[in-house]
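This is coords_6.json (JSON, C-alpha atoms).
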```
[["chain", "number", "residue", "atom", "x", "y", "z"],
["A", 1, "GLU", "CA", 19.34, -15.24, 7.81],
["A", 2, "ALA", "CA", 16.74, -16.81, 10.13],
["A", 3, "GLN", "CA", 16.94, -17.50, 13.85],
["A", 4, "VAL", "CA", 14.67, -18.10, 16.82],
["A", 5, "LEU", "CA", 14.71, -15.45, 19.57],
["A", 6, "ASP", "CA", 12.40, -15.52, 22.60],
["A", 7, "GLY", "CA", 10.11, -18.00, 20.90],
["A", 8, "LYS", "CA", 9.80, -15.90, 17.73],
["A", 9, "VAL", "CA", 11.25, -16.51, 14.28],
["A", 10, "VAL", "CA", 13.35, -13.56, 13.13],
["A", 11, "VAL", "CA", 14.29, -13.32, 9.46],
["A", 12, "THR", "CA", 16.85, -10.70, 8.41],
["A", 13, "VAL", "CA", 17.13, -9.77, 4.74],
["A", 14, "SER", "CA", 19.42, -7.43, 2.80],
["A", 15, "MET", "CA", 18.03, -6.62, -0.64],
["A", 16, "SER", "CA", 17.60, -3.98, -3.30],
["A", 17, "ILE", "CA", 15.13, -2.70, -5.87],
["A", 18, "SER", "CA", 16.63, -2.14, -9.30],
["A", 19, "ALA", "CA", 15.79, -2.49, -12.95],
["A", 20, "ILE", "CA", 17.94, -4.58, -15.28],
["A", 21, "TYR", "CA", 20.92, -2.61, -16.61],
["A", 22, "ILE", "CA", 19.98, 0.44, -14.53],
["A", 23, "GLN", "CA", 21.62, 1.60, -11.32],
["A", 24, "ARG", "CA", 20.14, 0.51, -8.01],
["A", 25, "ILE", "CA", 17.06, 2.48, -6.92],
["A", 26, "LEU", "CA", 16.79, 1.33, -3.29],
["A", 27, "THR", "CA", 19.12, -0.51, -0.93],
["A", 28, "MET", "CA", 17.18, -2.11, 1.90],
["A", 29, "HIS", "CA", 17.61, -3.97, 5.19],
["A", 30, "ALA", "CA", 14.50, -5.69, 6.56],
["A", 31, "VAL", "CA", 13.82, -7.62, 9.75],
["A", 32, "TRP", "CA", 10.71, -9.82, 9.79],
["A", 33, "THR", "CA", 9.53, -11.19, 13.14],
["A", 34, "VAL", "CA", 6.95, -13.99, 13.23],
["A", 35, "ALA", "CA", 5.22, -14.81, 16.54],
["A", 36, "SER", "CA", 3.17, -17.88, 17.47],
["A", 37, "ASP", "CA", 0.02, -15.79, 18.01],
["A", 38, "GLY", "CA", -0.21, -14.93, 14.32],
["A", 39, "GLN", "CA", 1.50, -11.54, 14.42],
["A", 40, "VAL", "CA", 4.10, -10.71, 11.79],
["A", 41, "SER", "CA", 6.05, -7.47, 12.15],
["A", 42, "LEU", "CA", 8.39, -5.71, 9.76],
["A", 43, "CYS", "CA", 11.13, -3.19, 10.51],
["A", 44, "LEU", "CA", 12.63, -1.86, 7.31],
["A", 45, "ASP", "CA", 15.31, 0.69, 6.52],
["A", 46, "ALA", "CA", 15.90, 1.81, 2.95],
["A", 47, "HIS", "CA", 18.25, 4.22, 1.21],
["A", 48, "ARG", "CA", 17.07, 5.77, -2.07],
["A", 49, "ASP", "CA", 19.52, 6.94, -4.70],
["A", 50, "PRO", "CA", 18.82, 10.71, -4.70],
["A", 51, "THR", "CA", 20.06, 11.09, -8.28],
["A", 52, "LEU", "CA", 17.00, 9.18, -9.51],
["A", 53, "PRO", "CA", 13.42, 10.51, -9.79],
["A", 54, "PHE", "CA", 11.07, 10.34, -6.82],
["A", 55, "LEU", "CA", 9.17, 7.09, -6.24],
["A", 56, "PRO", "CA", 5.49, 6.71, -7.21],
["A", 57, "ARG", "CA", 4.87, 4.52, -4.14],
["A", 58, "PHE", "CA", 6.63, 2.21, -1.70],
["A", 59, "GLY", "CA", 5.00, -0.61, 0.20],
["A", 60, "LEU", "CA", 3.85, -4.23, 0.20],
["A", 61, "LYS", "CA", 1.37, -6.11, -1.98],
["A", 62, "MET", "CA", -0.40, -9.22, -0.68],
["A", 63, "ALA", "CA", -2.80, -11.80, -2.11],
["A", 64, "LEU", "CA", -5.46, -12.72, 0.46],
["A", 65, "PRO", "CA", -8.36, -15.22, 0.46],
["A", 66, "VAL", "CA", -11.24, -14.07, -1.73],
["A", 67, "SER", "CA", -13.56, -14.34, 1.29],
["A", 68, "TYR", "CA", -11.87, -11.30, 2.90],
["A", 69, "GLN", "CA", -14.56, -8.95, 1.58],
["A", 70, "GLN", "CA", -15.22, -6.71, 4.60],
["A", 71, "ALA", "CA", -12.94, -3.77, 5.38],
["A", 72, "GLU", "CA", -12.67, -1.53, 8.43],
["A", 73, "TYR", "CA", -10.14, 1.28, 8.66],
["A", 74, "PHE", "CA", -9.35, 4.49, 10.51],
["A", 75, "GLY", "CA", -8.17, 7.13, 8.09],
["A", 76, "PHE", "CA", -9.45, 9.43, 5.37],
["A", 77, "GLY", "CA", -12.72, 8.18, 3.88],
["A", 78, "PRO", "CA", -15.26, 7.29, 2.74],
["A", 79, "TYR", "CA", -14.03, 8.30, -0.72],
["A", 80, "GLU", "CA", -10.65, 7.41, -2.16],
["A", 81, "SER", "CA", -7.92, 9.68, -0.80],
["A", 82, "TYR", "CA", -4.30, 10.51, -1.61],
["A", 83, "ALA", "CA", -1.72, 12.95, -0.24],
["A", 84, "ASP", "CA", -2.94, 15.66, -2.63],
["A", 85, "LYS", "CA", -6.54, 14.46, -3.03],
["A", 86, "HIS", "CA", -8.53, 14.16, 0.18],
["A", 87, "ARG", "CA", -10.48, 17.39, 0.70],
["A", 88, "ALA", "CA", -13.78, 15.59, 0.06],
["A", 89, "SER", "CA", -12.90, 13.03, 2.76],
["A", 90, "TYR", "CA", -12.54, 13.19, 6.53],
["A", 91, "MET", "CA", -10.88, 11.21, 9.32],
["A", 92, "ASP", "CA", -13.06, 8.55, 10.96],
["A", 93, "VAL", "CA", -13.58, 4.81, 11.33],
["A", 94, "PHE", "CA", -15.16, 3.45, 8.16],
["A", 95, "THR", "CA", -16.50, 0.08, 7.10],
["A", 96, "SER", "CA", -16.94, -1.01, 3.51],
["A", 97, "SER", "CA", -17.08, -4.02, 1.25],
["A", 98, "VAL", "CA", -14.04, -4.52, -0.97],
["A", 99, "ASP", "CA", -16.25, -3.97, -4.03],
["A", 100, "ASP", "CA", -17.32, -0.57, -2.70],
["A", 101, "LEU", "CA", -13.68, 0.48, -2.25],
["A", 102, "HIS", "CA", -13.26, 0.28, -6.04],
["A", 103, "GLU", "CA", -13.54, 3.49, -8.06],
["A", 104, "ASP", "CA", -15.04, 2.56, -11.42],
["A", 105, "TYR", "CA", -13.03, 4.74, -13.78],
["A", 106, "ILE", "CA", -13.79, 4.23, -17.48],
["A", 107, "LYS", "CA", -10.09, 3.63, -18.06],
["A", 108, "PRO", "CA", -8.89, 1.26, -15.31],
["A", 109, "GLN", "CA", -6.01, 2.58, -13.23],
["A", 110, "GLU", "CA", -4.68, 2.86, -9.69],
["A", 111, "ASN", "CA", -7.69, 3.70, -7.53],
["A", 112, "GLY", "CA", -9.36, 3.33, -4.15],
["A", 113, "SER", "CA", -6.43, 4.23, -1.92],
["A", 114, "HIS", "CA", -7.10, 5.56, 1.58],
["A", 115, "PHE", "CA", -4.62, 8.05, 2.99],
["A", 116, "HIS", "CA", -3.27, 8.59, 6.51],
["A", 117, "CYS", "CA", -4.59, 5.39, 8.06],
["A", 118, "SER", "CA", -3.79, 4.07, 11.54],
["A", 119, "TYR", "CA", -5.08, 0.58, 10.84],
["A", 120, "VAL", "CA", -7.05, -1.51, 8.37],
["A", 121, "THR", "CA", -8.74, -4.86, 8.90],
["A", 122, "LEU", "CA", -9.94, -7.18, 6.16],
["A", 123, "SER", "CA", -12.12, -10.08, 7.27],
["A", 124, "GLY", "CA", -14.29, -12.88, 6.00],
["A", 125, "ALA", "CA", -15.39, -16.45, 6.60],
["A", 126, "ASP", "CA", -11.80, -17.72, 6.46],
["A", 127, "GLY", "CA", -10.36, -15.29, 9.01],
["A", 128, "SER", "CA", -8.94, -11.79, 9.06],
["A", 129, "ILE", "CA", -5.84, -9.65, 8.80],
["A", 130, "ARG", "CA", -5.27, -6.41, 10.70],
["A", 131, "VAL", "CA", -2.51, -4.03, 9.60],
["A", 132, "SER", "CA", -1.12, -1.24, 11.77],
["A", 133, "ALA", "CA", 2.03, 0.86, 11.64],
["A", 134, "SER", "CA", 4.13, 3.25, 13.70],
["A", 135, "LYS", "CA", 3.24, 6.07, 11.30],
["A", 136, "PRO", "CA", 0.08, 6.65, 9.20],
["A", 137, "PHE", "CA", 0.05, 4.68, 5.96],
["A", 138, "SER", "CA", -2.07, 4.26, 2.85],
["A", 139, "PHE", "CA", -3.85, 1.12, 1.69],
["A", 140, "ASN", "CA", -6.10, -0.15, -1.01],
["A", 141, "ALA", "CA", -7.94, -3.46, -1.27],
["A", 142, "SER", "CA", -9.33, -4.71, -4.54],
["A", 143, "ASN", "CA", -10.93, -7.70, -6.23],
["A", 144, "TYR", "CA", -8.80, -6.80, -9.25],
["A", 145, "THR", "CA", -5.06, -7.32, -9.46],
["A", 146, "VAL", "CA", -2.72, -4.38, -10.05],
["A", 147, "GLU", "CA", -1.75, -6.00, -13.35],
["A", 148, "GLU", "CA", -5.40, -6.29, -14.44],
["A", 149, "LEU", "CA", -6.04, -2.61, -13.74],
["A", 150, "ALA", "CA", -2.92, -1.57, -15.63],
["A", 151, "GLY", "CA", -3.45, -3.85, -18.60],
["A", 152, "LYS", "CA", -7.06, -3.23, -19.59],
["A", 153, "ALA", "CA", -8.21, -0.23, -21.60],
["A", 154, "HIS", "CA", -11.85, -0.09, -20.47],
["A", 155, "ASN", "CA", -13.69, -0.82, -17.23],
["A", 156, "TYR", "CA", -16.05, -3.35, -18.86],
["A", 157, "GLU", "CA", -13.04, -5.50, -19.78],
["A", 158, "LEU", "CA", -12.00, -6.07, -16.16],
["A", 159, "ASN", "CA", -12.09, -9.58, -14.72],
["A", 160, "LYS", "CA", -12.14, -10.15, -10.98],
["A", 161, "SER", "CA", -9.35, -12.17, -9.42],
["A", 162, "ASP", "CA", -9.77, -15.31, -7.34],
["A", 163, "PHE", "CA", -8.09, -13.51, -4.43],
["A", 164, "VAL", "CA", -8.16, -10.06, -2.81],
["A", 165, "THR", "CA", -5.19, -7.80, -3.49],
["A", 166, "LEU", "CA", -4.17, -5.71, -0.47],
["A", 167, "CYS", "CA", -1.58, -2.97, -0.96],
["A", 168, "VAL", "CA", -0.13, -1.41, 2.18],
["A", 169, "ASP", "CA", 1.99, 1.62, 1.36],
["A", 170, "TYR", "CA", 4.53, 3.35, 3.53],
["A", 171, "LYS", "CA", 3.71, 6.29, 1.31],
["A", 172, "GLN", "CA", 2.39, 7.14, -2.15],
["A", 173, "SER", "CA", 3.27, 10.19, -4.16],
["A", 174, "GLY", "CA", 0.30, 12.37, -4.96],
["A", 175, "ILE", "CA", -1.87, 11.98, -8.04],
["A", 176, "GLY", "CA", -0.85, 15.34, -9.54],
["A", 177, "SER", "CA", -1.83, 16.55, -12.98],
["A", 178, "ASN", "CA", 1.35, 16.19, -15.05],
["A", 179, "SER", "CA", -0.55, 14.45, -17.86],
["A", 180, "CYS", "CA", -2.09, 17.82, -18.73],
["A", 181, "GLY", "CA", -0.61, 20.33, -16.30],
["A", 182, "PRO", "CA", 2.28, 21.18, -13.97],
["A", 183, "GLU", "CA", 4.58, 18.69, -12.27],
["A", 184, "LEU", "CA", 3.60, 17.24, -8.91],
["A", 185, "LEU", "CA", 4.36, 19.68, -6.11],
["A", 186, "GLU", "CA", 7.42, 18.74, -4.04],
["A", 187, "GLN", "CA", 5.49, 18.30, -0.77],
["A", 188, "TYR", "CA", 3.48, 15.47, -2.37],
["A", 189, "ARG", "CA", 6.48, 13.52, -3.71],
["A", 190, "LEU", "CA", 7.98, 10.40, -2.18],
["A", 191, "ASP", "CA", 11.54, 11.64, -2.52],
["A", 192, "GLU", "CA", 12.98, 10.81, 0.91],
["A", 193, "GLU", "CA", 16.56, 9.62, 0.76],
["A", 194, "MET", "CA", 16.21, 7.55, 3.95],
["A", 195, "ILE", "CA", 13.09, 5.50, 4.75],
["A", 196, "HIS", "CA", 12.30, 3.86, 8.07],
["A", 197, "TRP", "CA", 9.12, 1.79, 8.21],
["A", 198, "GLU", "CA", 7.66, -0.29, 11.03],
["A", 199, "THR", "CA", 4.43, -2.17, 10.42],
["A", 200, "ALA", "CA", 2.63, -5.18, 11.90],
["A", 201, "PHE", "CA", 0.19, -7.75, 10.55],
["A", 202, "GLN", "CA", -2.11, -9.71, 12.84],
["A", 203, "PHE", "CA", -3.55, -12.84, 11.25],
["A", 204, "CYS", "CA", -6.57, -14.63, 12.74],
["A", 205, "LEU", "CA", -8.10, -17.85, 11.41]]
```
So that I can check it, write out the structure of this file as structure tokens.
Amino acid sequence: EAQVLDGKVVVTVSMSISAIYIQRILTMHAVWTVASDGQVSLCLDAHRDPTLPFLPRFGLKMALPVSYQQAEYFGFGPYESYADKHRASYMDVFTSSVDDLHEDYIKPQENGSHFHCSYVTLSGADGSIRVSASKPFSFNASNYTVEELAGKAHNYELNKSDFVTLCVDYKQSGIGSNSCGPELLEQYRLDEEMIHWETAFQFCL
């Protein structure tokens, strides 16, 4: 449903996340508000089926112009950081190129996230996007798509995309060590039954 209120376009969506032939994972209600000054805001409420395992992450993925190669953020840096992996990092304002946000693991995988951020801005010759939220969030920006990182076996096989992938996460579960050790500790799991997320995107051309 879409309508115009106070000069802004408001889009209301009811949706779910589910796999084929498997019970619904999340039931969601989202309100998108688009203003004439380039700001897009999201207010989202979600209910997670508590009988299912905790979520690895929950957020948004965007494809941005390839020129958006400069990042500025306030959060844990300058190294990659996660809920259970940020003792080598500290809170500050950091600037970086998108290439430098990439962690060059021999086996490509999820990498380069920055935890507990108040905002992130990506900018370039074609404009910029600034993301902020009511609560600290995680982000990663990459010249490789999520699918490219998941599908290749070695780092030398990676091919850069013709756009920048920006992931803005309400929350990510921790990295853990369950591949060769104990299960992820409960305090680092995204296992909330109710999720409320408010975030805003400011676009400038």
- When distances are computed from all atoms listed in the file, which of A:Leu52, A:Val131, A:Leu60, A:Val10 shows the smallest separation from Glu192 in chain A? A:Leu52
- Counting all atoms listed in the file, the residue of A:Cys167, A:Ala133, A:Val13, A:Ile20 that sits nearest Phe58 in chain A: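 Looking only at the distances to Phe58 in chain A, the closest residue turns out to be A:Cys167.
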- Task: Using CA of Tyr68 in chain A and CA of Ser118 in chain A as the two end points, give the distance in Å to one decimal.
- Result: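 Value for the CA of Tyr68 in chain A-CA of Ser118 in chain A distance: 19.4 Å.
Compared by their closest atoms to Gln3 in chain A, and using all atoms listed in the file, the residues A:Ala83, A:Val66, A:Val31, A:Leu149 rank with A:Val31 nearest.
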- Shortest contact to Thr145 in chain A, candidates A:Ser132, A:Ser123, A:Ser96, A:Asn111, atoms counted only C-alpha atoms, goes to A:Asn111
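Rounded to one decimal, CA of Asp191 in chain A and CA of Phe115 in chain A lie 17.4 Å from each other.
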- Message: For a quick check of understanding, using only C-alpha atoms, which of A:Leu205, A:Cys117, A:Ala35, A:Cys43 has the smallest distance to Lys8 in chain A?
- Response: A:Ala35
Who sits within 9 Å of Gln70 in chain A, only C-alpha atoms, same chain under 6 positions skipped, as a tab-separated table (two decimals) with C-alpha atoms, in the coordinates of the input:
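Final file, around.tsv:
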```
chain	number	residue	atom	x	y	z
A	95	THR	CA	-16.50	0.08	7.10
A	96	SER	CA	-16.94	-1.01	3.51
A	97	SER	CA	-17.08	-4.02	1.25
A	98	VAL	CA	-14.04	-4.52	-0.97
A	121	THR	CA	-8.74	-4.86	8.90
A	122	LEU	CA	-9.94	-7.18	6.16
A	123	SER	CA	-12.12	-10.08	7.27
A	124	GLY	CA	-14.29	-12.88	6.00
```
- Identify which of the residues A:Glu183, A:Asp99, A:Glu110, A:Glu1 lies closest to Lys160 in chain A, counting only C-alpha atoms when measuring atom-to-atom distances.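 Checking each of A:Glu183, A:Asp99, A:Glu110, A:Glu1 against Lys160 in chain A, counting only C-alpha atoms, the winner is A:Asp99.
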- Message: I want to know what sits within 6 Å of Ser41 in chain A, based on all atoms listed in the file, with residues of the same chain fewer than 5 positions away left out; could you give that as a PyMOL selection string?
- Response: chain A and resi 32-33+199-200
- What is the distance, in Å and to one decimal place, between CA of Leu55 in chain A and CA of Thr27 in chain A?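 Computing it gives 13.6 Å between the two atoms.
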- Surrounding residues of His196 in chain A excluding itself and chain neighbours under 4 positions, 7 Å, all atoms listed in the file, as an NGL selection string: :A and (44-46)
- Quick one: residues within 9 Å of (-11.7, 7.8, -0.2) (file frame), counting only C-alpha atoms, please, as a list in words. Phe76, Gly77, Pro78, Tyr79, Glu80, Ser81, Tyr82, Lys85, His86, Ala88, Ser89, Tyr90, Leu101, Gly112, Ser113, His114 and Phe115 of chain A
- Protein and nucleic acid residues near (-7.7, -12.7, 14.2) (cut-off 8 Å, only C-alpha atoms) as JSON, numbers by chain: {"A": [38, 127, 128, 129, 130, 202, 203, 204, 205]}
